[in-house]
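*Asks:* Data: start-v7.txt, compact mmCIF, C-alpha atoms.
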# COMPACT_ATOMS: atom_id res chain seq x y z
CA MET T 25 0.00 0.00 0.00
CA GLU T 26 1.39 3.39 -1.03
CA LEU T 27 0.36 6.83 0.09
CA ASP T 28 -2.25 8.43 -2.18
CA VAL T 29 -0.61 11.83 -2.56
CA ASP T 30 -3.46 13.22 -4.64
CA PHE T 31 -5.85 12.52 -1.76
CA VAL T 32 -3.38 13.99 0.72
CA ARG T 33 -3.07 17.23 -1.24
CA SER T 34 -6.86 17.49 -1.52
CA GLN T 35 -6.91 17.89 2.28
CA PHE T 36 -4.78 21.07 2.17
CA PRO T 37 -6.36 24.32 0.93
CA ALA T 38 -2.87 25.67 0.11
CA PHE T 39 -2.72 23.40 -2.93
CA GLN T 40 -5.86 25.03 -4.31
CA SER T 41 -4.62 28.56 -3.60
CA GLU T 42 -4.03 30.80 -6.60
CA ALA T 43 -1.47 32.75 -4.55
CA LEU T 44 0.67 29.60 -4.23
CA ALA T 45 0.09 28.20 -7.71
CA GLY T 46 3.28 27.15 -9.47
CA GLN T 47 5.30 27.10 -6.24
CA ALA T 48 6.94 23.97 -4.83
CA PHE T 49 7.28 24.22 -1.05
CA PHE T 50 10.63 23.05 0.36
CA GLU T 51 10.80 24.89 3.69
CA ASN T 52 8.41 22.66 5.58
CA ALA T 53 10.88 22.30 8.46
CA GLY T 54 10.08 25.93 9.24
CA GLY T 55 6.34 25.25 9.31
CA SER T 56 3.95 23.10 7.29
CA TYR T 57 0.85 23.95 5.35
CA THR T 58 -2.32 23.65 7.48
CA CYS T 59 -4.82 20.91 6.77
CA GLY T 60 -8.42 21.84 6.05
CA GLN T 61 -9.72 20.08 9.16
CA VAL T 62 -7.72 22.43 11.41
CA ILE T 63 -8.78 25.50 9.45
CA ASP T 64 -12.45 24.48 9.70
CA ARG T 65 -12.23 23.97 13.46
CA LEU T 66 -10.36 27.23 14.00
CA THR T 67 -12.93 29.13 11.95
CA ARG T 68 -15.82 27.52 13.83
CA PHE T 69 -14.31 28.34 17.22
CA TYR T 70 -13.60 31.97 16.37
CA THR T 71 -17.04 32.34 14.79
CA HIS T 72 -19.24 30.49 17.28
CA ARG T 73 -17.27 29.69 20.46
CA LYS T 74 -15.02 32.70 21.14
CA VAL T 75 -15.98 33.10 24.78
CA GLN T 76 -14.33 32.07 28.04
CA PRO T 77 -14.65 28.26 28.09
CA TYR T 78 -16.13 26.06 30.81
CA ALA T 79 -18.76 28.59 31.97
CA PRO T 80 -22.40 27.44 32.45
CA TYR T 81 -23.80 28.62 29.10
CA ALA T 82 -23.99 26.86 25.76
CA ALA T 83 -21.29 28.61 23.71
CA SER T 84 -18.83 28.32 26.59
CA GLN T 85 -19.61 24.66 27.19
CA LEU T 86 -19.16 23.86 23.51
CA GLY T 87 -15.83 25.70 23.42
CA GLY T 88 -14.53 23.85 26.47
CA ALA T 89 -15.69 20.54 25.02
CA GLU T 90 -13.72 21.18 21.83
CA MET T 91 -10.59 21.95 23.84
CA ASP T 92 -11.05 18.76 25.83
CA GLU T 93 -11.60 16.82 22.62
CA ALA T 94 -8.30 18.03 21.19
CA ARG T 95 -6.36 16.89 24.24
CA ALA T 96 -8.14 13.53 24.39
CA ARG T 97 -7.83 12.79 20.67
CA LEU T 98 -4.12 13.62 20.47
CA ALA T 99 -3.41 11.64 23.65
CA ALA T 100 -5.19 8.57 22.26
CA MET T 101 -3.21 8.83 19.01
CA MET T 102 0.06 8.82 20.92
CA GLY T 103 -0.90 6.15 23.43
CA VAL T 104 -0.97 8.29 26.59
CA GLU T 105 -3.57 9.48 29.09
CA GLY T 106 -5.46 12.69 28.30
CA ASP T 107 -3.92 14.70 31.13
CA GLU T 108 -0.41 13.75 29.96
CA VAL T 109 -0.82 16.17 27.01
CA SER T 110 -0.24 19.89 27.65
CA PHE T 111 -0.50 22.91 25.36
CA GLY T 112 1.67 26.01 25.46
CA PRO T 113 2.48 29.03 23.28
CA SER T 114 5.50 27.38 21.64
CA THR T 115 7.99 24.57 22.11
CA SER T 116 10.66 27.08 23.12
CA ALA T 117 8.38 28.42 25.87
CA ASN T 118 7.42 24.93 27.01
CA THR T 119 11.06 23.88 27.25
CA TYR T 120 11.88 27.00 29.25
CA VAL T 121 9.19 26.14 31.80
CA LEU T 122 10.48 22.57 32.08
CA ALA T 123 14.04 23.79 32.60
CA GLN T 124 12.93 25.96 35.51
CA ALA T 125 11.29 22.93 37.11
CA VAL T 126 14.47 20.87 36.71
CA ARG T 127 16.54 23.73 38.13
CA ARG T 128 14.43 23.65 41.30
CA LEU T 129 14.63 19.85 41.50
CA ILE T 130 18.41 19.84 41.25
CA ALA T 131 18.67 22.71 43.72
CA THR T 132 17.14 20.45 46.37
CA GLN T 133 18.39 17.02 45.28
CA GLY T 134 21.59 17.71 43.33
CA GLY T 135 22.48 16.20 40.00
CA ALA T 136 23.38 17.13 36.43
CA VAL T 137 21.77 17.69 33.03
CA VAL T 138 22.98 16.34 29.68
CA VAL T 139 22.40 18.24 26.43
CA THR T 140 23.64 17.67 22.90
CA ASN T 141 25.25 19.96 20.37
CA GLN T 142 23.08 18.37 17.65
CA ASP T 143 19.98 20.21 18.86
CA HIS T 144 18.07 23.24 17.70
CA GLU T 145 18.63 25.94 20.32
CA ALA T 146 15.15 25.50 21.86
CA ASN T 147 16.15 22.19 23.47
CA SER T 148 19.69 23.25 24.24
CA GLY T 149 20.03 26.88 25.29
CA VAL T 150 17.54 26.86 28.17
CA TRP T 151 19.15 23.81 29.71
CA ARG T 152 22.66 25.18 29.26
CA ARG T 153 21.69 28.38 31.06
CA LEU T 154 21.04 26.34 34.19
CA ALA T 155 24.83 26.36 34.61
CA GLU T 156 24.47 30.04 35.64
CA ASP T 157 22.64 28.76 38.75
CA GLY T 158 25.31 26.19 39.54
CA VAL T 159 23.75 23.19 37.77
CA GLU T 160 26.29 20.87 36.15
CA VAL T 161 25.61 20.71 32.41
CA ARG T 162 27.30 17.98 30.37
CA GLU T 163 27.47 17.93 26.57
CA TRP T 164 26.89 14.88 24.39
CA ARG T 165 28.86 15.86 21.28
CA VAL T 166 28.35 15.00 17.64
CA ASP T 167 30.96 13.52 15.36
CA PRO T 168 32.36 16.61 13.58
CA GLN T 169 32.29 14.91 10.17
CA THR T 170 28.90 13.21 10.22
CA GLY T 171 26.90 14.96 12.94
CA HIS T 172 26.17 11.53 14.48
CA LEU T 173 25.63 11.02 18.22
CA ASP T 174 27.53 7.99 19.56
CA LEU T 175 25.80 5.89 22.23
CA ALA T 176 29.08 4.86 23.84
CA ALA T 177 29.82 8.50 24.60
CA LEU T 178 26.38 8.87 26.17
CA ARG T 179 26.95 5.91 28.46
CA GLY T 180 30.12 7.59 29.69
CA LEU T 181 28.24 10.79 30.51
CA LEU T 182 25.63 8.86 32.50
CA ALA T 183 27.97 6.40 34.21
CA ASP T 184 28.18 8.09 37.63
CA GLY T 185 24.41 8.13 38.13
CA LYS T 186 24.25 11.89 38.81
CA VAL T 187 22.31 12.93 35.69
CA ARG T 188 18.67 13.87 36.35
CA MET T 189 17.64 14.90 32.81
CA LEU T 190 18.90 13.94 29.34
CA CYS T 191 17.77 16.32 26.58
CA PHE T 192 18.20 15.28 22.94
CA PRO T 193 16.44 15.53 19.56
CA HIS T 194 14.45 12.82 17.81
CA CYS T 195 16.23 14.28 14.82
CA SER T 196 18.15 17.50 14.26
CA ASN T 197 16.76 20.24 12.02
CA VAL T 198 20.02 20.29 10.03
CA VAL T 199 21.64 16.85 10.52
CA ALA T 200 18.27 15.06 10.17
CA GLU T 201 19.55 11.63 11.23
CA VAL T 202 16.76 9.83 13.07
CA ASN T 203 18.19 9.04 16.48
CA PRO T 204 17.36 5.68 18.15
CA VAL T 205 15.05 7.24 20.71
CA ALA T 206 13.87 4.01 22.34
CA GLU T 207 17.43 2.79 22.86
CA ILE T 208 18.62 6.15 24.18
CA CYS T 209 15.69 6.40 26.60
CA ALA T 210 16.39 2.87 27.88
CA ILE T 211 20.03 3.78 28.54
CA ALA T 212 18.97 6.92 30.42
CA ARG T 213 16.33 5.09 32.42
CA ASP T 214 18.87 2.48 33.54
CA ALA T 215 21.09 5.37 34.73
CA GLY T 216 18.25 6.95 36.71
CA ALA T 217 17.71 9.91 34.37
CA PHE T 218 14.54 11.33 32.86
CA THR T 219 14.48 12.05 29.10
CA CYS T 220 13.26 15.16 27.28
CA VAL T 221 13.00 14.52 23.53
CA ASP T 222 12.73 17.40 21.08
CA GLY T 223 10.41 15.99 18.43
CA VAL T 224 9.87 19.25 16.51
CA SER T 225 11.81 18.07 13.46
CA TYR T 226 10.47 14.52 13.49
CA ALA T 227 6.76 14.80 14.36
CA PRO T 228 5.82 16.28 10.93
CA HIS T 229 6.82 12.89 9.50
CA GLY T 230 4.65 10.92 11.92
CA PHE T 231 3.21 11.53 15.37
CA PRO T 232 5.02 9.59 18.10
CA ASP T 233 3.97 6.30 19.65
CA MET T 234 5.02 7.21 23.17
CA ASN T 235 5.01 3.69 24.56
CA ALA T 236 7.31 2.49 21.78
CA LEU T 237 9.70 5.40 22.31
CA GLY T 238 9.80 5.25 26.09
CA ALA T 239 10.45 8.99 26.49
CA ASP T 240 9.42 10.79 29.68
CA ILE T 241 8.82 14.10 27.87
CA TYR T 242 8.22 14.63 24.15
CA LEU T 243 7.90 18.10 22.65
CA PHE T 244 6.69 19.20 19.22
CA SER T 245 5.11 22.17 17.45
CA ALA T 246 1.60 21.94 16.01
CA TYR T 247 2.35 24.50 13.29
CA LYS T 248 4.84 22.00 11.85
CA THR T 249 2.37 19.12 12.09
CA TYR T 250 -0.34 20.71 9.91
CA GLY T 251 -1.96 22.66 12.75
CA PRO T 252 -2.00 26.06 14.51
CA HIS T 253 0.88 27.77 16.30
CA GLN T 254 0.90 25.83 19.55
CA GLY T 255 3.61 23.95 21.42
CA ILE T 256 2.55 20.48 22.51
CA MET T 257 4.14 18.65 25.44
CA VAL T 258 3.63 15.02 26.30
CA LEU T 259 4.64 14.56 29.95
CA ARG T 260 4.38 11.09 31.39
CA ARG T 261 2.88 11.02 34.84
CA ALA T 262 6.04 9.97 36.69
CA VAL T 263 8.11 12.93 35.51
CA GLY T 264 5.18 15.35 35.77
CA GLU T 265 4.65 14.49 39.42
CA ALA T 266 8.37 14.41 40.26
CA LEU T 267 9.11 17.90 38.95
CA PRO T 268 8.01 21.00 40.91
CA ALA T 269 4.88 22.63 39.46
CA GLN T 270 5.32 25.85 37.46
CA CYS T 271 1.69 27.00 37.41
CA HIS T 272 -0.72 28.89 39.66
CA TYR T 273 -0.59 27.02 42.96
CA PHE T 274 -4.26 26.04 42.81
CA ASN T 275 -3.72 24.28 39.45
CA ALA T 276 -0.83 22.11 40.65
CA GLY T 277 -3.07 19.10 41.13
CA SER T 278 -3.91 18.97 37.41
CA LEU T 279 -1.14 17.34 35.36
CA TYR T 280 -1.96 19.12 32.10
CA LYS T 281 -1.92 22.50 33.86
CA ARG T 282 1.10 21.79 36.04
CA PHE T 283 3.68 23.13 33.55
CA THR T 284 1.48 25.69 31.83
CA SER T 285 2.38 28.99 33.42
CA ALA T 286 -0.16 30.94 31.34
CA GLY T 287 -3.38 30.03 29.58
CA PRO T 288 -2.84 28.82 25.98
CA ASP T 289 -4.89 30.17 23.08
CA HIS T 290 -8.30 28.47 23.45
CA ALA T 291 -9.18 28.49 19.76
CA GLN T 292 -5.85 27.03 18.73
CA VAL T 293 -6.05 24.30 21.34
CA ALA T 294 -9.51 23.34 20.06
CA ALA T 295 -8.30 23.44 16.45
CA CYS T 296 -5.57 20.89 17.24
CA ALA T 297 -8.29 18.23 17.16
CA GLY T 298 -8.22 18.82 13.41
CA MET T 299 -4.81 17.16 13.28
CA ALA T 300 -6.42 14.00 14.65
CA ASP T 301 -9.25 14.41 12.13
CA TYR T 302 -6.64 14.52 9.37
CA ILE T 303 -4.85 11.36 10.53
CA ASP T 304 -8.20 9.59 10.74
CA ALA T 305 -9.11 10.76 7.22
CA LEU T 306 -5.86 9.36 5.82
CA TYR T 307 -6.43 6.06 7.58
CA ALA T 308 -10.04 5.79 6.38
CA HIS T 309 -9.02 6.52 2.79
CA HIS T 310 -6.20 3.98 2.72
CA VAL T 311 -7.87 1.31 4.90
CA PRO T 312 -11.57 1.80 4.10
CA ASP T 313 -12.68 -1.29 6.05
CA GLY T 314 -10.32 -0.71 8.97
CA VAL T 315 -11.57 -0.83 12.54
CA ALA T 316 -8.35 0.01 14.37
CA GLY T 317 -8.20 2.27 17.40
CA PRO T 318 -6.54 5.71 17.34
CA LEU T 319 -3.05 4.50 18.26
CA GLU T 320 -3.00 1.85 15.55
CA ARG T 321 -4.47 4.30 13.01
CA ASN T 322 -1.64 6.67 13.85
CA ARG T 323 0.94 3.89 13.38
CA VAL T 324 -0.44 2.98 9.95
CA VAL T 325 -0.45 6.58 8.77
CA HIS T 326 3.04 7.17 10.19
CA ASP T 327 4.39 4.26 8.16
CA LEU T 328 2.62 5.44 4.99
CA MET T 329 4.08 8.93 5.39
CA ARG T 330 7.60 7.71 6.06
CA ALA T 331 7.64 5.20 3.22
CA HIS T 332 6.60 7.88 0.74
CA GLU T 333 9.14 10.38 2.05
CA VAL T 334 11.99 7.86 1.94
CA ARG T 335 11.12 6.88 -1.61
CA ILE T 336 11.18 10.41 -3.04
CA LEU T 337 14.06 11.63 -0.85
CA GLN T 338 16.70 9.19 -2.08
CA PRO T 339 17.03 10.70 -5.59
CA LEU T 340 17.67 14.13 -4.05
CA LEU T 341 20.33 12.73 -1.71
CA ASP T 342 22.00 10.87 -4.60
CA TYR T 343 22.05 14.02 -6.70
CA LEU T 344 23.56 16.15 -3.93
CA ALA T 345 26.12 13.51 -2.92
CA ALA T 346 27.37 13.36 -6.50
CA ARG T 347 28.18 17.08 -6.62
CA ASN T 348 31.67 18.28 -5.65
CA ASP T 349 30.69 21.90 -4.98
CA LEU T 350 28.72 21.34 -1.77
CA ARG T 351 28.72 19.36 1.46
CA LEU T 352 25.67 17.27 2.22
CA ILE T 353 24.99 17.27 5.97
CA GLY T 354 23.83 14.03 7.59
CA PRO T 355 23.22 10.49 6.25
CA ARG T 356 23.08 9.73 2.54
CA ASP T 357 20.62 6.89 3.10
CA ALA T 358 17.05 8.22 3.06
CA ALA T 359 15.86 5.49 5.44
CA ARG T 360 18.13 6.81 8.19
CA ARG T 361 16.98 10.42 8.13
CA ALA T 362 14.10 12.84 7.87
CA PRO T 363 13.59 14.68 4.56
CA THR T 364 15.21 17.84 5.92
CA VAL T 365 18.29 18.28 3.78
CA ALA T 366 20.93 20.85 4.67
CA VAL T 367 23.88 21.54 2.38
CA ALA T 368 26.88 23.77 2.97
CA LEU T 369 27.89 25.70 -0.15
CA ASP T 370 30.95 27.63 -1.26
CA ARG T 371 28.91 30.83 -0.89
CA ALA T 372 26.23 32.32 1.33
CA ALA T 373 23.11 30.16 1.31
CA GLU T 374 20.36 32.76 1.54
CA PRO T 375 21.03 34.35 -1.88
CA VAL T 376 20.93 30.86 -3.38
CA ALA T 377 17.51 30.32 -1.82
CA ALA T 378 16.45 33.62 -3.38
CA GLU T 379 17.61 32.41 -6.79
CA LEU T 380 15.68 29.16 -6.34
CA ALA T 381 12.56 31.23 -5.66
CA LYS T 382 12.80 32.55 -9.23
CA HIS T 383 12.36 28.94 -10.34
CA GLY T 384 9.27 28.45 -8.19
CA ILE T 385 11.14 26.70 -5.37
CA MET T 386 10.42 27.88 -1.82
CA ALA T 387 13.47 27.01 0.29
CA GLY T 388 15.51 28.62 3.05
CA GLY T 389 19.07 29.66 3.82
CA GLY T 390 20.69 30.48 7.15
CA ASP T 391 21.56 28.80 10.46
CA PHE T 392 17.97 27.86 11.44
CA TYR T 393 18.80 28.29 15.16
CA ALA T 394 21.16 25.33 14.77
CA VAL T 395 24.35 27.32 15.35
CA ARG T 396 25.86 24.75 17.72
CA PRO T 397 25.67 21.70 15.41
CA LEU T 398 26.82 23.72 12.40
CA GLU T 399 29.83 25.07 14.30
CA ALA T 400 30.59 21.58 15.65
CA MET T 401 30.75 20.28 12.08
CA GLY T 402 32.95 23.14 10.88
CA VAL T 403 30.27 24.87 8.80
CA ASP T 404 30.70 28.62 8.29
CA VAL T 405 27.68 29.96 10.17
CA GLU T 406 27.93 33.31 8.39
CA ARG T 407 27.28 31.53 5.10
CA GLY T 408 24.80 29.18 6.71
CA VAL T 409 23.31 26.21 4.91
CA LEU T 410 20.75 25.82 2.16
CA ARG T 411 17.88 23.81 3.65
CA LEU T 412 15.54 21.80 1.44
CA SER T 413 12.80 20.22 3.54
CA PHE T 414 9.61 18.44 2.65
CA VAL T 415 6.87 16.23 4.09
CA HIS T 416 4.47 13.57 2.86
CA TYR T 417 2.38 15.90 0.69
CA THR T 418 5.41 16.59 -1.51
CA THR T 419 5.48 14.73 -4.83
CA ALA T 420 8.23 12.99 -6.77
CA ALA T 421 7.63 15.50 -9.56
CA GLU T 422 8.33 18.39 -7.17
CA VAL T 423 11.60 16.77 -6.09
CA ALA T 424 12.59 16.40 -9.74
CA ARG T 425 11.72 20.05 -10.27
CA LEU T 426 13.90 20.99 -7.28
CA ILE T 427 16.86 19.05 -8.71
CA ALA T 428 16.46 20.81 -12.05
CA ALA T 429 16.36 24.20 -10.30
CA LEU T 430 19.48 23.36 -8.30
CA ASP T 431 21.24 22.45 -11.54
CA ALA T 432 20.35 25.83 -12.97
CA VAL T 433 21.26 27.88 -9.90
CA LEU T 434 24.40 26.06 -8.70
Represent the structure of the file as structure tokens.

*Replies:*
Amino acid sequence: MELDVDFVRSQFPAFQSEALAGQAFFENAGGSYTCGQVIDRLTRFYTHRKVQPYAPYAASQLGGAEMDEARARLAAMMGVEGDEVSFGPSTSANTYVLAQAVRRLIATQGGAVVVTNQDHEANSGVWRRLAEDGVEVREWRVDPQTGHLDLAALRGLLADGKVRMLCFPHCSNVVAEVNPVAEICAIARDAGAFTCVDGVSYAPHGFPDMNALGADIYLFSAYKTYGPHQGIMVLRRAVGEALPAQCHYFNAGSLYKRFTSAGPDHAQVAACAGMADYIDALYAHHVPDGVAGPLERNRVVHDLMRAHEVRILQPLLDYLAARNDLRLIGPRDAARRAPTVAVALDRAAEPVAAELAKHGIMAGGGDFYAVRPLEAMGVDVERGVLRLSFVHYTTAAEVARLIAALDAVL
């Protein structure tokens, strides 16, 4: 069974937009198109439910019910309890709140934090700043040639049993290698450490199965998973109850409010249920007689997405690897990485992205808040990298068009 890309694209109003006609979108790592189900829910909430939720009148009750539905539906898709899913204004903000909780924990119990230099700054900088308060911060470093994180090095960092939190990416937004999350989390668990996984760059390619991954905390951004601009945190109960609350004191007994220091946007929370609607629509189209539950539906759709992406990514990787005027960052095997492809050029990347735009290719150039991994791999951050990123709604024809445009511009 292969992904029906025509059906997929029919679910996204962007592909019917005259303003975007003739453009091939290759900066999805910066934010995806929004599916119609999310847009419909957002419009309905702002039109009919835009009142304070949970009050004793109809519009308010309906608004609160939609917010509850979003949390419950996403939780079921990922195999967790409803109150283990929290919403916040962004992943960067959510990570900041978590770091403050860990700072307080370590202040009373001692310990250390491990970060990587493969990460986007959102899951690196806030943890590193804990060192200003006396917290020991250890760095799990990438191989400077490949950007790979070695598990043997991690075991060494955890060996003394002092680490309380290990923070690492499911995949980097420039290296793109898919890290073995389940294995890493098992190593950390054996060493007595919690795990905080930055899933921002992976979740657009398939929502996580939390029980399979074994992570204590998983973070991603809804605006990169076909939804509104919300940060989503999955916090398993054990870590949520172990860390000091960061909310209004009277909300501390509610797990999904415990690390939400301010109220999230009600309409956007409600609209996130549209992401679950979309996954269900893909499942129903591809498995019309299926009767699976939400977690299994999510697994099926995840595998369909990934198989399609791997298939159309490999020709792009082969093309780039064959050129001698650029450096391809990360694995050359499409099965080992996400379709977020960064290349270091012999010139500044942003003007090259501008030239590609003249060929109808929407791509990006710069450091993408990944200064640490780029510097670790010896990439000139001033020049940055050209990033070519796509998701499952991208077609093989668009990839071929991208290769032709690169030929013309480079």

*Asks:* Just give me the gap between atom CA of Ser278 of chain T and atom CA of Trp151 of chain T in Å, one decimal is fine.

*Replies:* 24.8 Å

*Asks:* So that I can see what lies close to Phe36 of chain T, please list as a VMD selection string the residues with an atom at most 9 Å from it, counting only C-alpha atoms and leaving out residues fewer than 2 positions away in the same chain.

*Replies:* chain T and resid 32 to 34 38 to 40 57 to 61 250 417

*Asks:* Pull the neighbourhood of (-12.4, 27.7, 22.3) for me: all residues within 7 Å in file coordinates, counting all atoms listed in the file, as a list of chain:residue names.

*Replies:*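 I get T:Phe69, T:Arg73, T:Lys74, T:Val75, T:Pro77, T:Gly87, T:Gly88, T:Glu90, T:Met91, T:His290, T:Ala291, T:Ala294 for the residues within 7 Å of that point.
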
*Asks:* Env of Ala366 of chain T: 7 Å cut, atoms = all atoms listed in the file, seq-sep filter 2 positions within chain, self excluded. Answer as a list in words.

*Replies:*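 After dropping sequence-adjacent residues, the list is Val198, Leu352, Ile353, Thr364, Ala368, Val409, Leu410, Arg411 and Leu412 of chain T.
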
*Asks:* Enumerate, in order of chain and increasing residue number, the residues of segment 218-331 of chain T with an atom no farther than 8 Å from segment 98-103 of chain T, each with its shortest atom pair and distance in Å to one decimal, counting only C-alpha atoms, as JSON lines.

*Replies:*
{"residue": "T:Phe231", "atom": "CA", "partner": "T:Met102", "partner_atom": "CA", "distance": 6.9}
{"residue": "T:Pro232", "atom": "CA", "partner": "T:Met102", "partner_atom": "CA", "distance": 5.8}
{"residue": "T:Asp233", "atom": "CA", "partner": "T:Met102", "partner_atom": "CA", "distance": 4.8}
{"residue": "T:Met234", "atom": "CA", "partner": "T:Met102", "partner_atom": "CA", "distance": 5.7}
{"residue": "T:Asn235", "atom": "CA", "partner": "T:Gly103", "partner_atom": "CA", "distance": 6.5}
{"residue": "T:Ala297", "atom": "CA", "partner": "T:Leu98", "partner_atom": "CA", "distance": 7.0}
{"residue": "T:Ala300", "atom": "CA", "partner": "T:Leu98", "partner_atom": "CA", "distance": 6.3}
{"residue": "T:Pro318", "atom": "CA", "partner": "T:Met101", "partner_atom": "CA", "distance": 4.9}
{"residue": "T:Leu319", "atom": "CA", "partner": "T:Met101", "partner_atom": "CA", "distance": 4.4}
{"residue": "T:Glu320", "atom": "CA", "partner": "T:Met101", "partner_atom": "CA", "distance": 7.8}
{"residue": "T:Arg321", "atom": "CA", "partner": "T:Met101", "partner_atom": "CA", "distance": 7.6}
{"residue": "T:Asn322", "atom": "CA", "partner": "T:Met101", "partner_atom": "CA", "distance": 5.8}

*Asks:* So that I can see what lies close to Tyr226 of chain T, please list as a CSV table (one decimal) with C-alpha atoms, keeping the file's coordinate frame the residues with an atom at most 9 Å from it, counting all atoms listed in the file and leaving out residues fewer than 2 positions away in the same chain.

*Replies:*
chain,number,residue,atom,x,y,z
T,193,PRO,CA,16.4,15.5,19.6
T,194,HIS,CA,14.4,12.8,17.8
T,195,CYS,CA,16.2,14.3,14.8
T,196,SER,CA,18.2,17.5,14.3
T,197,ASN,CA,16.8,20.2,12.0
T,200,ALA,CA,18.3,15.1,10.2
T,202,VAL,CA,16.8,9.8,13.1
T,222,ASP,CA,12.7,17.4,21.1
T,223,GLY,CA,10.4,16.0,18.4
T,224,VAL,CA,9.9,19.2,16.5
T,228,PRO,CA,5.8,16.3,10.9
T,229,HIS,CA,6.8,12.9,9.5
T,230,GLY,CA,4.6,10.9,11.9
T,231,PHE,CA,3.2,11.5,15.4
T,232,PRO,CA,5.0,9.6,18.1
T,244,PHE,CA,6.7,19.2,19.2
T,362,ALA,CA,14.1,12.8,7.9

*Asks:* If we count only C-alpha atoms, what is near Arg260 of chain T at a cut-off of 10 Å, once residues fewer than 4 positions away on the same chain are taken out, given as a PyMOL selection string?

*Replies:* chain T and resi 104-105+107-109+234+238-242+264-265+279

*Asks:* Could you tell me how far atom CA of Leu122 of chain T lies from atom CA of Glu93 of chain T, in Å and to one decimal?

*Replies:*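 Straight-line distance from atom CA of Leu122 of chain T to atom CA of Glu93 of chain T works out to 24.7 Å.
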
*Asks:* Given the point (21.7, 22.5, 16.3) in the file's coordinates, find the residues that have an atom at most 9 Å from it, counting all atoms listed in the file, and give them as a PyMOL selection string.

*Replies:* chain T and resi 140-145+148+196-199+391-400

*Asks:* What does the file look like for those residues with C-alpha atoms, as a PDB file, keeping the file's coordinate frame?

*Replies:*
ATOM      1  CA  THR T 140      23.640  17.670  22.900  1.00  0.00           C
ATOM      2  CA  ASN T 141      25.250  19.960  20.370  1.00  0.00           C
ATOM      3  CA  GLN T 142      23.080  18.370  17.650  1.00  0.00           C
ATOM      4  CA  ASP T 143      19.980  20.210  18.860  1.00  0.00           C
ATOM      5  CA  HIS T 144      18.070  23.240  17.700  1.00  0.00           C
ATOM      6  CA  GLU T 145      18.630  25.940  20.320  1.00  0.00           C
ATOM      7  CA  SER T 148      19.690  23.250  24.240  1.00  0.00           C
ATOM      8  CA  SER T 196      18.150  17.500  14.260  1.00  0.00           C
ATOM      9  CA  ASN T 197      16.760  20.240  12.020  1.00  0.00           C
ATOM     10  CA  VAL T 198      20.020  20.290  10.030  1.00  0.00           C
ATOM     11  CA  VAL T 199      21.640  16.850  10.520  1.00  0.00           C
ATOM     12  CA  ASP T 391      21.560  28.800  10.460  1.00  0.00           C
ATOM     13  CA  PHE T 392      17.970  27.860  11.440  1.00  0.00           C
ATOM     14  CA  TYR T 393      18.800  28.290  15.160  1.00  0.00           C
ATOM     15  CA  ALA T 394      21.160  25.330  14.770  1.00  0.00           C
ATOM     16  CA  VAL T 395      24.350  27.320  15.350  1.00  0.00           C
ATOM     17  CA  ARG T 396      25.860  24.750  17.720  1.00  0.00           C
ATOM     18  CA  PRO T 397      25.670  21.700  15.410  1.00  0.00           C
ATOM     19  CA  LEU T 398      26.820  23.720  12.400  1.00  0.00           C
ATOM     20  CA  GLU T 399      29.830  25.070  14.300  1.00  0.00           C
ATOM     21  CA  ALA T 400      30.590  21.580  15.650  1.00  0.00           C
TER      22      ALA T 400
END

*Asks:* Using all atoms listed in the file, determine which residues lie at most 9 Å from segment 373-377 of chain T, disregarding the query and same-chain residues fewer than 5 positions distant; provide the list as a ChimeraX atom specification.

*Replies:* /T:367-368,385-390,407-411,433-434

*Asks:* Which distance in Å separates atom CA of Ala45 of chain T and atom CA of Met329 of chain T, to one decimal?

*Replies:* 23.6 Å

*Asks:* For Met401 of chain T, which residue among T:Gly384, T:Gly171, T:Pro268, T:Gly317 is the nearest when counting all atoms listed in the file?

*Replies:*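 Closest to Met401 of chain T of all the choices is T:Gly171.
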
*Asks:* Smallest atom-to-atom distance to Arg97 of chain T: which of T:Met299, T:Pro363, T:Leu154, T:Glu26, using only C-alpha atoms?

*Replies:* T:Met299

*Asks:* Between T:Asp431, T:His272, T:Glu42, T:Gly298, which has the minimum distance to Arg347 of chain T (counting all atoms listed in the file)?

*Replies:*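 With all atoms listed in the file as the atom set, the closest residue is T:Asp431.
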